[in-house]
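*Asks:* Here it is, the structure, as structure tokens.
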Amino acid sequence: MNRAGKILKVDPPYAIEGGEISIECGGFTLNTDGDFACYIGSEPARLTAASSTRLLALVPENENGGRVEVVLESSGDRSEASTVLIGRKLVEDMHIVANPAIDPKDDSLVLTRSGSRGQELPATLYRFETDGFLDELPAEITNPTGLAFDPAGELYVTNRNDGEVCHIERGTEAVTFASNLGVATGLAFDKAGVMYVGDRSGTIYRISEFGVPESFASLEPSVSAYHMAFGPDERLYVTAPGLASHDTIHVVDFDGHSEKYFTVFGRPQGLAFDKNGHLYLAACYRGRHGIVRVDSSGSVAHTMVAGMNLVGLCFSRKGEMLVATNDAVYSIPLGIMGTLLD
């Protein structure tokens, strides 16, 4: 008898390094002397829980990513391999607090080294080129938080320290577009190109083409940031992580009326939609941290990517899911097309 048993399922099937995956198994023998293990790729994984039917394992460091084998071992016996797809690390040593953004002009990735509120850093905006080069943007902006491109391909960034949103002109200069926005965090454009900015103190502003803000909706304050994205139904979806164990995704209609869309997530943050109307967000769901997928009906959710310290995501034109932690970005080739890359 093979004391390592048989792997029945690896869940979720996608992960980044440090993410916790569940390995359902049959016939696995737990020895009292601890002579058992789980290997992810060639490395032993740290186990956070183990029984004869299920193990929880943390994905070891793996900068190159790709599909790797998962194998159980017990008393010298090894199971047949299953697999997990691990995201490839693109960039690290950042300070990211919301979704990164894909530039529709050249498919480069824009991200931040945001810093703590009021902290002055020599460079806070970066562009990761498609050839793998990381370039500092010379535009000076304190505490960049929300990033978004308008329908014309122009980049705008919220500055939570000064309560404003800036237009990044020619990639070199940050020009204030709207101000007096409280603790400006979330940023999104509707289908018509109208800008919306979230003040984490409790207000979402609609900004005119001349940069004049008007109060659009009121929500519960957030302890960190508002994260916002428009859905295929043209309503605004918002997360506002707080101190509760079950936070809400809010949805706001065109008249500024809000309602609860889903209320089961721990600290939900950045969110994005795919072309089929499915919602993806960085959150904790049923005790598992990662990227959660909510189907287009808004009734079914499951953790799709395992990962810790996630703050946001976006999709590339190649169908990659670009997953951001608070200090790094990973690419997972899932073949999912986002809504903002027409």
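For the structure tokens, the naming scheme is as follows: chains receive sequential letters (A, B, ...) according to their order of presentation, residues are indexed from 1 within each chain, and ligands are indexed from 1 in presentation order.
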For segment 240-251 of chain A, please output as a VMD selection string all residues within 7 Å (counting only C-alpha atoms; exclusion window: fewer than 2 positions along the same chain).
*Replies:* chain A and resid 221 to 227 235 to 238 253 258 to 269
*Asks:* Next, dump the selected residues to file, keeping only C-alpha atoms, as a tab-separated table (two decimals), in the first residue's frame.
*Replies:*
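Generated file (again_4.tsv):
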chain	number	residue	atom	x	y	z
A	221	PRO	CA	-16.09	55.10	5.65
A	222	SER	CA	-13.15	52.79	5.00
A	223	VAL	CA	-10.12	52.28	7.22
A	224	SER	CA	-7.86	52.12	4.16
A	225	ALA	CA	-9.30	53.01	0.75
A	226	TYR	CA	-12.24	52.87	-1.60
A	227	HIS	CA	-11.73	50.59	-4.60
A	235	ARG	CA	-23.30	50.55	-12.29
A	236	LEU	CA	-20.40	51.44	-10.00
A	237	TYR	CA	-19.10	48.65	-7.74
A	238	VAL	CA	-17.21	49.68	-4.62
A	253	ASP	CA	-26.72	53.16	-9.69
A	258	SER	CA	-26.34	52.36	-3.27
A	259	GLU	CA	-27.23	48.85	-2.19
A	260	LYS	CA	-25.37	45.83	-0.91
A	261	TYR	CA	-24.26	43.42	-3.63
A	262	PHE	CA	-22.32	40.77	-1.69
A	263	THR	CA	-21.58	40.68	2.06
A	264	VAL	CA	-19.27	37.79	2.92
A	265	PHE	CA	-15.75	39.08	2.35
A	266	GLY	CA	-12.94	39.91	4.74
A	267	ARG	CA	-11.15	43.13	3.81
A	268	PRO	CA	-12.18	43.27	0.12
A	269	GLN	CA	-9.94	45.57	-1.92
*Asks:* Please provide as a ChimeraX atom specification all residues within 12 Å of Asn99 of chain A, with the sequence filter that same-chain residues fewer than 4 positions apart are discarded (counting only C-alpha atoms).
*Replies:* /A:95,109-112,144-149,157,185-188,225-229,269-272,280-282,310-315,321-326,328-329
*Asks:* Put those residues in a file: C-alpha atoms, as an mmCIF file, in the first residue's frame.
*Replies:*
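Heads up, here's the output in result.cif:
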data_model
loop_
_atom_site.group_PDB
_atom_site.id
_atom_site.type_symbol
_atom_site.label_atom_id
_atom_site.label_comp_id
_atom_site.auth_asym_id
_atom_site.auth_seq_id
_atom_site.Cartn_x
_atom_site.Cartn_y
_atom_site.Cartn_z
ATOM 1 C CA HIS A 95 4.255 49.798 -2.277
ATOM 2 C CA LEU A 109 1.788 48.203 -16.639
ATOM 3 C CA VAL A 110 1.591 51.274 -14.382
ATOM 4 C CA LEU A 111 2.042 50.781 -10.642
ATOM 5 C CA THR A 112 2.987 52.697 -7.533
ATOM 6 C CA PRO A 144 -0.477 57.863 -5.428
ATOM 7 C CA THR A 145 -3.341 55.471 -4.757
ATOM 8 C CA GLY A 146 -5.962 54.890 -7.448
ATOM 9 C CA LEU A 147 -4.842 54.575 -11.085
ATOM 10 C CA ALA A 148 -7.102 54.696 -14.140
ATOM 11 C CA PHE A 149 -6.914 55.502 -17.842
ATOM 12 C CA VAL A 157 -3.983 59.194 -10.349
ATOM 13 C CA THR A 185 -8.428 56.877 -3.080
ATOM 14 C CA GLY A 186 -10.677 55.038 -5.547
ATOM 15 C CA LEU A 187 -10.834 56.135 -9.185
ATOM 16 C CA ALA A 188 -12.976 54.949 -12.114
ATOM 17 C CA ALA A 225 -9.297 53.010 0.751
ATOM 18 C CA TYR A 226 -12.240 52.873 -1.604
ATOM 19 C CA HIS A 227 -11.728 50.589 -4.600
ATOM 20 C CA MET A 228 -14.062 51.099 -7.561
ATOM 21 C CA ALA A 229 -14.909 49.586 -10.946
ATOM 22 C CA GLN A 269 -9.943 45.568 -1.925
ATOM 23 C CA GLY A 270 -9.201 45.994 -5.659
ATOM 24 C CA LEU A 271 -11.763 44.657 -8.122
ATOM 25 C CA ALA A 272 -12.173 44.181 -11.874
ATOM 26 C CA TYR A 280 -12.864 39.420 -9.462
ATOM 27 C CA LEU A 281 -11.581 40.959 -6.252
ATOM 28 C CA ALA A 282 -8.739 40.713 -3.773
ATOM 29 C CA LEU A 310 -3.311 41.017 -2.126
ATOM 30 C CA VAL A 311 -4.509 44.549 -2.868
ATOM 31 C CA GLY A 312 -5.708 44.438 -6.475
ATOM 32 C CA LEU A 313 -5.596 43.089 -9.994
ATOM 33 C CA CYS A 314 -6.092 43.900 -13.662
ATOM 34 C CA PHE A 315 -6.104 42.022 -16.977
ATOM 35 C CA MET A 321 -4.393 38.204 -14.687
ATOM 36 C CA LEU A 322 -1.943 40.646 -13.136
ATOM 37 C CA VAL A 323 -2.183 40.223 -9.375
ATOM 38 C CA ALA A 324 -0.784 42.870 -7.030
ATOM 39 C CA THR A 325 0.298 42.318 -3.456
ATOM 40 C CA ASN A 326 1.362 45.248 -1.291
ATOM 41 C CA ALA A 328 4.917 42.919 -5.910
ATOM 42 C CA VAL A 329 3.021 42.060 -9.104
#
*Asks:* Taking only C-alpha atoms into account, name the residue in A:Ile86, A:Val97, A:Ala306, A:Ala217 that is nearest to Thr158 of chain A.
*Replies:* A:Val97
*Asks:* With only C-alpha atoms as the counted atoms, please give the residues lying no more than 10 Å from Asn31 of chain A, apart from itself and same-chain residues fewer than 2 positions off, as an NGL selection string.
*Replies:* :A and (3 or 28-29 or 33-36 or 74-75)
*Asks:* Just asking: which residues within segment 22-199 of chain A are strand (DSSP E or B) according to DSSP, as an MDAnalysis selection string?
*Replies:* chainID A and resid 22:26 36:40 43:44 46:50 54:58 66:74 77:78 82:86 88:91 95 101:102 109:113 125:128 134:136 144:149 155:159 164:169 173:178 184:189 195:199
*Asks:* Near Asp162 of chain A, counting only C-alpha atoms, which residues have an atom at most 10 Å away, once you skip same-chain residues fewer than 6 positions from it, shown as a list in words?
*Replies:*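 In the requested form, the answer reads Arg117, Gly118, Ile141, Thr142, Asn143, Ser179, Asn180, Leu181, Gly182, Val183 and Ala184 of chain A.
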*Asks:* Output C-alpha atoms for every residue in that selection, as an mmCIF file, in the first residue's frame.
*Replies:*
data_model
loop_
_atom_site.group_PDB
_atom_site.id
_atom_site.type_symbol
_atom_site.label_atom_id
_atom_site.label_comp_id
_atom_site.auth_asym_id
_atom_site.auth_seq_id
_atom_site.Cartn_x
_atom_site.Cartn_y
_atom_site.Cartn_z
ATOM 1 C CA ARG A 117 0.515 59.100 4.112
ATOM 2 C CA GLY A 118 2.600 62.247 3.733
ATOM 3 C CA ILE A 141 2.938 62.881 -6.835
ATOM 4 C CA THR A 142 2.688 62.179 -3.118
ATOM 5 C CA ASN A 143 0.946 58.959 -2.062
ATOM 6 C CA SER A 179 -9.116 68.962 -5.631
ATOM 7 C CA ASN A 180 -10.935 69.146 -2.262
ATOM 8 C CA LEU A 181 -11.714 65.422 -2.467
ATOM 9 C CA GLY A 182 -11.012 64.423 1.136
ATOM 10 C CA VAL A 183 -8.834 61.304 1.371
ATOM 11 C CA ALA A 184 -8.979 60.583 -2.362
#
*Asks:* Which residues come within 8 Å of Asn64 of chain A, counting only C-alpha atoms, excluding same-chain residues fewer than 6 positions away, as a VMD selection string?
*Replies:* chain A and resid 87 to 89
*Asks:* Could you check which of A:Asp107, A:Gly202, A:Val91, A:Arg113 is closest to Leu134 of chain A, using only C-alpha atoms?
*Replies:*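 Result for the nearest residue to Leu134 of chain A: A:Val91.
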*Asks:* Do you know which residues are at most 9 Å from Gly193 of chain A counting only C-alpha atoms, after dropping those on the same chain fewer than 6 positions away, and could you put them as a list in words?
*Replies:*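 Counting only C-alpha atoms, the residues come to Asp150, Pro151 and Ala152 of chain A.
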*Asks:* Find, counting only C-alpha atoms, the residue in A:Glu69, A:Asp103, A:Glu43, A:Glu164 that gets nearest to Val84 of chain A.
*Replies:*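 That would be A:Glu69, the residue with the smallest distance to Val84 of chain A.
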